[in-house]
$ cat start.csv   # CSV, N, CA and C atoms
chain,number,residue,atom,x,y,z
B,942,MET,N,-5.3,59.1,-26.0
B,942,MET,CA,-4.6,57.9,-25.6
B,942,MET,C,-5.5,57.1,-24.7
B,943,SER,N,-5.3,55.8,-24.9
B,943,SER,CA,-6.1,54.9,-24.1
B,943,SER,C,-5.2,54.4,-22.9
B,944,GLN,N,-5.8,54.3,-21.8
B,944,GLN,CA,-5.1,53.9,-20.7
B,944,GLN,C,-5.4,52.4,-20.5
B,945,MET,N,-4.3,51.6,-20.2
B,945,MET,CA,-4.5,50.2,-19.9
B,945,MET,C,-4.6,50.0,-18.4
B,946,ARG,N,-5.6,49.2,-18.0
B,946,ARG,CA,-5.7,48.9,-16.6
B,946,ARG,C,-4.8,47.7,-16.3
B,947,GLN,N,-4.2,47.8,-15.2
B,947,GLN,CA,-3.3,46.8,-14.8
B,947,GLN,C,-4.1,45.9,-13.8
B,948,VAL,N,-4.2,44.7,-14.1
B,948,VAL,CA,-5.0,43.8,-13.2
B,948,VAL,C,-4.0,43.0,-12.3
B,949,THR,N,-4.1,43.2,-11.1
B,949,THR,CA,-3.2,42.4,-10.2
B,949,THR,C,-4.0,41.4,-9.4
B,950,THR,N,-3.5,40.2,-9.4
B,950,THR,CA,-4.2,39.2,-8.7
B,950,THR,C,-3.2,38.6,-7.6
B,951,ARG,N,-3.8,38.3,-6.5
B,951,ARG,CA,-3.0,37.6,-5.5
B,951,ARG,C,-2.9,36.2,-5.8
B,952,PRO,N,-1.8,35.6,-5.6
B,952,PRO,CA,-1.7,34.1,-5.8
B,952,PRO,C,-2.6,33.4,-4.8
B,953,THR,N,-3.4,32.5,-5.3
B,953,THR,CA,-4.3,31.7,-4.5
B,953,THR,C,-3.4,30.8,-3.6
B,954,GLU,N,-3.8,30.7,-2.4
B,954,GLU,CA,-3.1,29.8,-1.5
B,954,GLU,C,-3.6,28.4,-1.7
B,955,ARG,N,-2.7,27.6,-1.9
B,955,ARG,CA,-3.0,26.2,-2.1
B,955,ARG,C,-2.7,25.4,-0.8
B,956,PRO,N,-3.5,24.5,-0.5
B,956,PRO,CA,-3.1,23.7,0.7
B,956,PRO,C,-1.9,22.9,0.4
B,957,SER,N,-1.1,22.7,1.5
B,957,SER,CA,0.1,21.9,1.3
B,957,SER,C,-0.3,20.4,0.9
B,958,PRO,N,0.4,19.8,0.0
B,958,PRO,CA,0.1,18.5,-0.4
B,958,PRO,C,0.3,17.5,0.7
B,959,ARG,N,-0.7,16.6,0.8
B,959,ARG,CA,-0.5,15.5,1.8
B,959,ARG,C,-1.0,14.2,1.2
B,960,PHE,N,-0.5,13.2,1.8
B,960,PHE,CA,-0.8,11.8,1.3
B,960,PHE,C,-2.2,11.4,1.8
B,961,THR,N,-3.0,10.9,0.8
B,961,THR,CA,-4.3,10.4,1.2
B,961,THR,C,-4.6,9.2,0.3
B,962,LEU,N,-5.3,8.3,0.9
B,962,LEU,CA,-5.8,7.1,0.1
B,962,LEU,C,-7.2,7.4,-0.5
B,963,ASN,N,-7.9,8.4,0.0
B,963,ASN,CA,-9.2,8.8,-0.4
B,963,ASN,C,-9.2,9.8,-1.5
B,964,THR,N,-8.6,9.5,-2.6
B,964,THR,CA,-8.5,10.5,-3.7
B,964,THR,C,-9.8,10.8,-4.4
B,965,ASP,N,-10.8,10.0,-4.2
B,965,ASP,CA,-12.1,10.3,-4.8
B,965,ASP,C,-13.0,11.2,-4.0
B,966,GLY,N,-12.5,11.6,-2.8
B,966,GLY,CA,-13.3,12.4,-1.9
B,966,GLY,C,-14.2,11.7,-0.9
B,967,GLY,N,-14.4,10.4,-1.1
B,967,GLY,CA,-15.2,9.6,-0.2
B,967,GLY,C,-14.3,9.0,0.9
B,968,ARG,N,-15.0,8.5,1.9
B,968,ARG,CA,-14.4,7.8,3.0
B,968,ARG,C,-14.4,6.3,2.8
B,969,HIS,N,-13.3,5.7,3.0
B,969,HIS,CA,-13.2,4.2,2.9
B,969,HIS,C,-12.3,3.7,4.0
B,970,PRO,N,-12.8,3.7,5.2
B,970,PRO,CA,-12.0,3.3,6.3
B,970,PRO,C,-11.6,1.8,6.3
B,971,LEU,N,-12.5,0.9,5.9
B,971,LEU,CA,-12.2,-0.5,5.8
B,971,LEU,C,-11.1,-0.8,4.8
B,972,THR,N,-11.3,-0.3,3.6
B,972,THR,CA,-10.3,-0.6,2.5
B,972,THR,C,-9.0,0.1,2.8
B,973,ASN,N,-9.0,1.3,3.4
B,973,ASN,CA,-7.8,1.9,3.8
B,973,ASN,C,-7.0,1.1,4.8
B,974,PHE,N,-7.7,0.6,5.8
B,974,PHE,CA,-7.1,-0.3,6.9
B,974,PHE,C,-6.5,-1.5,6.2
B,975,LEU,N,-7.3,-2.2,5.4
B,975,LEU,CA,-6.8,-3.4,4.7
B,975,LEU,C,-5.7,-3.1,3.8
B,976,THR,N,-5.6,-2.0,3.2
B,976,THR,CA,-4.5,-1.6,2.3
B,976,THR,C,-3.2,-1.5,3.1
B,977,VAL,N,-3.3,-0.8,4.2
B,977,VAL,CA,-2.1,-0.6,5.0
B,977,VAL,C,-1.7,-1.9,5.6
B,978,ALA,N,-2.7,-2.7,6.0
B,978,ALA,CA,-2.3,-4.1,6.6
B,978,ALA,C,-1.6,-4.9,5.6
B,979,THR,N,-2.1,-4.9,4.3
B,979,THR,CA,-1.4,-5.7,3.3
B,979,THR,C,0.0,-5.2,3.1
B,980,LEU,N,0.2,-3.9,3.1
B,980,LEU,CA,1.6,-3.4,2.9
B,980,LEU,C,2.5,-3.8,4.1
B,981,MET,N,1.9,-3.7,5.3
B,981,MET,CA,2.7,-4.1,6.5
B,981,MET,C,3.1,-5.6,6.5
B,982,LEU,N,2.1,-6.4,6.1
B,982,LEU,CA,2.4,-7.8,6.0
B,982,LEU,C,3.4,-8.1,5.0
B,983,GLY,N,3.4,-7.4,3.9
B,983,GLY,CA,4.4,-7.6,2.8
B,983,GLY,C,5.8,-7.2,3.3
B,984,ILE,N,5.9,-6.1,4.0
B,984,ILE,CA,7.2,-5.7,4.5
B,984,ILE,C,7.7,-6.7,5.5
B,985,MET,N,6.8,-7.1,6.4
B,985,MET,CA,7.2,-8.1,7.4
B,985,MET,C,7.7,-9.4,6.7
B,986,ALA,N,7.0,-9.9,5.7
B,986,ALA,CA,7.3,-11.1,5.0
B,986,ALA,C,8.6,-11.0,4.3
B,987,PHE,N,8.8,-9.8,3.7
B,987,PHE,CA,10.0,-9.6,2.9
B,987,PHE,C,11.3,-9.5,3.8
B,988,VAL,N,11.1,-8.9,4.9
B,988,VAL,CA,12.3,-8.8,5.9
B,988,VAL,C,12.6,-10.1,6.5
B,989,THR,N,11.6,-10.8,7.0
B,989,THR,CA,11.8,-12.1,7.6
B,989,THR,C,12.2,-13.2,6.6
B,990,GLY,N,11.9,-13.0,5.3
B,990,GLY,CA,12.3,-13.9,4.3
B,990,GLY,C,13.8,-14.0,4.1
B,991,PHE,N,14.6,-13.0,4.5
B,991,PHE,CA,16.0,-13.0,4.4
B,991,PHE,C,16.7,-13.6,5.7
B,992,ILE,N,15.9,-13.9,6.7
B,992,ILE,CA,16.4,-14.5,7.9
B,992,ILE,C,16.1,-16.0,7.8
B,993,VAL,N,17.1,-16.8,7.7
B,993,VAL,CA,16.8,-18.3,7.5
B,993,VAL,C,16.0,-18.9,8.6
B,994,ASP,N,16.3,-18.6,9.8
B,994,ASP,CA,15.6,-19.2,11.0
B,994,ASP,C,14.2,-18.7,11.1
B,995,SER,N,13.8,-17.7,10.4
B,995,SER,CA,12.4,-17.3,10.5
B,995,SER,C,11.6,-17.6,9.3
B,996,HIS,N,11.9,-18.8,8.7
B,996,HIS,CA,11.2,-19.2,7.4
B,996,HIS,C,9.8,-19.4,7.6
B,997,ILE,N,9.4,-19.9,8.8
B,997,ILE,CA,8.0,-20.2,9.1
B,997,ILE,C,7.2,-18.9,9.1
B,998,VAL,N,7.7,-17.9,9.8
B,998,VAL,CA,7.0,-16.6,9.8
B,998,VAL,C,6.9,-16.0,8.4
B,999,ALA,N,8.0,-16.0,7.7
B,999,ALA,CA,8.0,-15.4,6.3
B,999,ALA,C,7.0,-16.1,5.4
B,1000,SER,N,6.9,-17.5,5.6
B,1000,SER,CA,6.0,-18.2,4.7
B,1000,SER,C,4.6,-17.9,5.0
B,1001,TRP,N,4.2,-18.0,6.3
B,1001,TRP,CA,2.8,-17.8,6.7
B,1001,TRP,C,2.4,-16.3,6.5
B,1002,VAL,N,3.2,-15.4,6.9
B,1002,VAL,CA,2.8,-14.0,6.8
B,1002,VAL,C,2.8,-13.6,5.3
B,1003,GLY,N,3.7,-14.1,4.5
B,1003,GLY,CA,3.7,-13.9,3.1
B,1003,GLY,C,2.5,-14.4,2.4
B,1004,ALA,N,2.1,-15.6,2.8
B,1004,ALA,CA,0.9,-16.2,2.2
B,1004,ALA,C,-0.4,-15.4,2.6
B,1005,LEU,N,-0.4,-15.0,3.8
B,1005,LEU,CA,-1.6,-14.2,4.3
B,1005,LEU,C,-1.6,-12.8,3.6
B,1006,GLY,N,-0.4,-12.2,3.5
B,1006,GLY,CA,-0.4,-10.9,2.8
B,1006,GLY,C,-0.7,-11.0,1.3
B,1007,PHE,N,-0.3,-12.1,0.7
B,1007,PHE,CA,-0.5,-12.3,-0.8
B,1007,PHE,C,-2.0,-12.5,-1.1
B,1008,TRP,N,-2.6,-13.5,-0.4
B,1008,TRP,CA,-4.0,-13.8,-0.7
B,1008,TRP,C,-4.9,-12.8,-0.1
B,1009,GLY,N,-4.6,-12.2,1.0
B,1009,GLY,CA,-5.4,-11.1,1.5
B,1009,GLY,C,-5.3,-9.9,0.6
B,1010,GLY,N,-4.1,-9.6,0.1
B,1010,GLY,CA,-3.9,-8.5,-0.8
B,1010,GLY,C,-4.7,-8.6,-2.1
B,1011,LEU,N,-4.7,-9.8,-2.6
B,1011,LEU,CA,-5.5,-10.0,-3.8
B,1011,LEU,C,-7.0,-9.7,-3.6
B,1012,TYR,N,-7.5,-10.1,-2.4
B,1012,TYR,CA,-8.9,-9.8,-2.1
B,1012,TYR,C,-9.1,-8.3,-1.9
B,1013,VAL,N,-8.2,-7.6,-1.2
B,1013,VAL,CA,-8.2,-6.2,-1.0
B,1013,VAL,C,-8.1,-5.4,-2.4
B,1014,GLN,N,-7.3,-6.0,-3.3
B,1014,GLN,CA,-7.3,-5.4,-4.6
B,1014,GLN,C,-8.6,-5.5,-5.3
B,1015,TYR,N,-9.3,-6.5,-5.1
B,1015,TYR,CA,-10.6,-6.7,-5.7
B,1015,TYR,C,-11.6,-5.7,-5.2
B,1016,ILE,N,-11.6,-5.4,-3.9
B,1016,ILE,CA,-12.6,-4.4,-3.3
B,1016,ILE,C,-12.1,-3.0,-3.2
B,1017,SER,N,-10.8,-2.7,-3.7
B,1017,SER,CA,-10.3,-1.4,-3.6
B,1017,SER,C,-11.1,-0.4,-4.4
B,1018,VAL,N,-11.0,0.9,-4.1
B,1018,VAL,CA,-11.8,1.9,-4.7
B,1018,VAL,C,-10.9,2.9,-5.4
B,1019,THR,N,-9.8,3.3,-4.9
B,1019,THR,CA,-9.0,4.4,-5.5
B,1019,THR,C,-7.6,3.9,-6.0
B,1020,THR,N,-7.0,4.6,-6.9
B,1020,THR,CA,-5.8,4.3,-7.4
B,1020,THR,C,-4.6,4.3,-6.4
B,1021,ALA,N,-4.7,5.2,-5.5
B,1021,ALA,CA,-3.7,5.2,-4.4
B,1021,ALA,C,-3.7,3.9,-3.6
B,1022,GLN,N,-4.9,3.4,-3.3
B,1022,GLN,CA,-5.0,2.2,-2.6
B,1022,GLN,C,-4.4,1.0,-3.4
B,1023,ARG,N,-4.7,1.0,-4.7
B,1023,ARG,CA,-4.2,-0.1,-5.6
B,1023,ARG,C,-2.7,-0.1,-5.7
B,1024,CYS,N,-2.1,1.1,-5.7
B,1024,CYS,CA,-0.7,1.2,-5.8
B,1024,CYS,C,0.0,0.6,-4.5
B,1025,LEU,N,-0.5,0.9,-3.3
B,1025,LEU,CA,0.1,0.3,-2.1
B,1025,LEU,C,-0.3,-1.2,-2.0
B,1026,ILE,N,-1.4,-1.6,-2.5
B,1026,ILE,CA,-1.8,-3.0,-2.4
B,1026,ILE,C,-0.9,-3.8,-3.3
B,1027,ILE,N,-0.6,-3.4,-4.5
B,1027,ILE,CA,0.3,-4.1,-5.3
B,1027,ILE,C,1.7,-4.2,-4.7
B,1028,ALA,N,2.2,-3.1,-4.1
B,1028,ALA,CA,3.5,-3.2,-3.4
B,1028,ALA,C,3.5,-4.2,-2.3
B,1029,GLY,N,2.4,-4.3,-1.6
B,1029,GLY,CA,2.2,-5.3,-0.5
B,1029,GLY,C,2.1,-6.7,-1.0
B,1030,VAL,N,1.4,-6.9,-2.1
B,1030,VAL,CA,1.3,-8.2,-2.7
B,1030,VAL,C,2.6,-8.7,-3.2
B,1031,VAL,N,3.3,-7.9,-3.9
B,1031,VAL,CA,4.6,-8.3,-4.5
B,1031,VAL,C,5.6,-8.6,-3.4
B,1032,THR,N,5.7,-7.8,-2.4
B,1032,THR,CA,6.7,-8.0,-1.3
B,1032,THR,C,6.2,-9.2,-0.5
B,1033,SER,N,4.9,-9.5,-0.3
B,1033,SER,CA,4.5,-10.7,0.4
B,1033,SER,C,4.9,-11.9,-0.4
B,1034,PHE,N,4.7,-11.9,-1.7
B,1034,PHE,CA,5.1,-13.0,-2.5
B,1034,PHE,C,6.6,-13.3,-2.5
B,1035,VAL,N,7.4,-12.3,-2.5
B,1035,VAL,CA,8.8,-12.5,-2.5
B,1035,VAL,C,9.2,-13.0,-1.1
B,1036,GLY,N,8.6,-12.5,0.0
B,1036,GLY,CA,8.9,-13.0,1.3
B,1036,GLY,C,8.5,-14.4,1.5
B,1037,MET,N,7.3,-14.7,1.0
B,1037,MET,CA,6.9,-16.1,1.1
B,1037,MET,C,7.8,-17.0,0.3
B,1038,ALA,N,8.2,-16.6,-0.9
B,1038,ALA,CA,9.1,-17.5,-1.7
B,1038,ALA,C,10.4,-17.7,-1.0
B,1039,LEU,N,11.0,-16.7,-0.4
B,1039,LEU,CA,12.2,-16.8,0.3
B,1039,LEU,C,12.0,-17.7,1.6
B,1040,GLY,N,10.9,-17.6,2.2
B,1040,GLY,CA,10.6,-18.5,3.4
B,1040,GLY,C,10.5,-19.9,3.0
B,1041,VAL,N,9.8,-20.2,1.9
B,1041,VAL,CA,9.7,-21.5,1.3
B,1041,VAL,C,11.0,-22.1,0.9
B,1042,ALA,N,11.9,-21.2,0.3
B,1042,ALA,CA,13.2,-21.7,-0.1
B,1042,ALA,C,14.1,-22.0,1.1
B,1043,HIS,N,13.8,-21.4,2.3
B,1043,HIS,CA,14.6,-21.6,3.4
B,1043,HIS,C,14.0,-22.7,4.3
B,1044,GLY,N,12.9,-23.3,4.0
B,1044,GLY,CA,12.4,-24.4,4.8
B,1044,GLY,C,10.9,-24.6,4.8
B,1045,GLY,N,10.2,-23.6,4.4
B,1045,GLY,CA,8.8,-23.7,4.2
B,1045,GLY,C,7.9,-23.4,5.4
B,1046,PHE,N,6.7,-24.0,5.5
B,1046,PHE,CA,5.7,-23.6,6.4
B,1046,PHE,C,5.8,-24.4,7.7
B,1047,VAL,N,6.6,-25.4,7.8
B,1047,VAL,CA,6.7,-26.2,9.0
B,1047,VAL,C,8.1,-26.1,9.6
B,1048,PRO,N,8.2,-26.3,10.9
B,1048,PRO,CA,9.6,-26.2,11.5
B,1048,PRO,C,10.4,-27.5,11.2
B,1049,HIS,N,11.7,-27.2,11.2
B,1049,HIS,CA,12.7,-28.3,10.9
B,1049,HIS,C,12.7,-29.3,12.1
B,1050,VAL,N,12.8,-30.5,11.9
B,1050,VAL,CA,12.9,-31.5,13.0
B,1050,VAL,C,14.3,-31.8,13.3
$ encode --input "start.csv" --output "structure tokens"
Amino acid sequence: MSQMRQVTTRPTERPSPRFTLNTDGGRHPLTNFLTVATLMLGIMAFVTGFIVDSHIVASWVGALGFWGGLYVQYISVTTAQRCLIIAGVVTSFVGMALGVAHGGFVPHV
């Protein structure tokens, strides 16, 4: 009779998943900062776009987030960065559009 060996292996410990923008293994501090800044500008423009009296802030912050986000998209390196940048660009545009609809870039007289 042949005897079968039983092979037992321990499960390999995997590190807990964490969010990173550097999915390629390199460091990209400038593009990471600009990515987060684009997203924050987009959120700020989107939120202030719903407040009629803050149409100036929504318009200018939205324009800055939109055009800045397009530049950051151009220099981005990883897919994770591009995903957050597009979210920031879209929310910036919507916030800017709402700000323009409520009065635009200049104060009411």
$ residues_around --input "start.csv" --residues "range 1033-1035 of chain B" --least-positions-apart "2" --cutoff "8 Å" --atoms "only C-alpha atoms" --output "compact mmCIF listing (two decimals) with N, CA and C atoms, in the frame of the given file"
# COMPACT_ATOMS: atom_id res chain seq x y z
N LEU B 982 2.10 -6.40 6.10
CA LEU B 982 2.40 -7.80 6.00
C LEU B 982 3.40 -8.10 5.00
N GLY B 983 3.40 -7.40 3.90
CA GLY B 983 4.40 -7.60 2.80
C GLY B 983 5.80 -7.20 3.30
N ILE B 984 5.90 -6.10 4.00
CA ILE B 984 7.20 -5.70 4.50
C ILE B 984 7.70 -6.70 5.50
N MET B 985 6.80 -7.10 6.40
CA MET B 985 7.20 -8.10 7.40
C MET B 985 7.70 -9.40 6.70
N ALA B 986 7.00 -9.90 5.70
CA ALA B 986 7.30 -11.10 5.00
C ALA B 986 8.60 -11.00 4.30
N PHE B 987 8.80 -9.80 3.70
CA PHE B 987 10.00 -9.60 2.90
C PHE B 987 11.30 -9.50 3.80
N GLY B 990 11.90 -13.00 5.30
CA GLY B 990 12.30 -13.90 4.30
C GLY B 990 13.80 -14.00 4.10
N VAL B 1002 3.20 -15.40 6.90
CA VAL B 1002 2.80 -14.00 6.80
C VAL B 1002 2.80 -13.60 5.30
N GLY B 1003 3.70 -14.10 4.50
CA GLY B 1003 3.70 -13.90 3.10
C GLY B 1003 2.50 -14.40 2.40
N ALA B 1004 2.10 -15.60 2.80
CA ALA B 1004 0.90 -16.20 2.20
C ALA B 1004 -0.40 -15.40 2.60
N GLY B 1006 -0.40 -12.20 3.50
CA GLY B 1006 -0.40 -10.90 2.80
C GLY B 1006 -0.70 -11.00 1.30
N PHE B 1007 -0.30 -12.10 0.70
CA PHE B 1007 -0.50 -12.30 -0.80
C PHE B 1007 -2.00 -12.50 -1.10
N GLY B 1029 2.40 -4.30 -1.60
CA GLY B 1029 2.20 -5.30 -0.50
C GLY B 1029 2.10 -6.70 -1.00
N VAL B 1030 1.40 -6.90 -2.10
CA VAL B 1030 1.30 -8.20 -2.70
C VAL B 1030 2.60 -8.70 -3.20
N VAL B 1031 3.30 -7.90 -3.90
CA VAL B 1031 4.60 -8.30 -4.50
C VAL B 1031 5.60 -8.60 -3.40
N MET B 1037 7.30 -14.70 1.00
CA MET B 1037 6.90 -16.10 1.10
C MET B 1037 7.80 -17.00 0.30
N ALA B 1038 8.20 -16.60 -0.90
CA ALA B 1038 9.10 -17.50 -1.70
C ALA B 1038 10.40 -17.70 -1.00
N LEU B 1039 11.00 -16.70 -0.40
CA LEU B 1039 12.20 -16.80 0.30
C LEU B 1039 12.00 -17.70 1.60
$ select_by_dssp --input "start.csv" --residues "chain B" --states "helix (DSSP H, G or I)" --output "NGL selection string"
:B and (970-990 or 993-1016 or 1020-1042)
$ residues_around --input "start.csv" --residues "Ala1021 in chain B" --least-positions-apart "3" --cutoff "6 Å" --atoms "all atoms listed in the file" --output "list in words"
Leu962, Cys1024 and Leu1025 of chain B
$ closest_atom_pairs --input "start.csv" --of "range 1013-1043 of chain B" --to "range 993-999 of chain B" --cutoff "6 Å" --atoms "only N, CA and C atoms" --output "CSV"
residue,atom,partner,partner_atom,distance
B:Gly1036,C,B:Ala999,C,4.5
B:Met1037,CA,B:Ala999,C,4.3
B:Gly1040,CA,B:His996,CA,4.1
B:Val1041,N,B:His996,C,5.8
B:His1043,C,B:His996,CA,5.4
$ closest_residue --input "start.csv" --among "B:Leu975, B:Ala1042, B:Gly967, B:Trp1001" --to "Val1013 in chain B" --atoms "all atoms listed in the file"
B:Leu975
$ atom_distance --input "start.csv" --atom1 "atom C of Thr961 in chain B" --atom2 "CA of Thr989 in chain B"
27.9 Å
$ atom_distance --input "start.csv" --atom1 "CA of Gln1022 in chain B" --atom2 "CA of Arg968 in chain B"
12.3 Å
$ atom_distance --input "start.csv" --atom1 "CA of Ile1027 in chain B" --atom2 "atom C of Thr976 in chain B"
9.5 Å
$ residues_near_point --input "start.csv" --point "(-10.7, -3.1, -1.6)" --cutoff "9 Å" --atoms "only C-alpha atoms" --output "list in words"
His969, Leu971, Thr972, Asn973, Leu975, Thr976, Gly1010, Leu1011, Tyr1012, Val1013, Gln1014, Tyr1015, Ile1016, Ser1017, Val1018, Thr1019, Gln1022, Arg1023 and Ile1026 of chain B
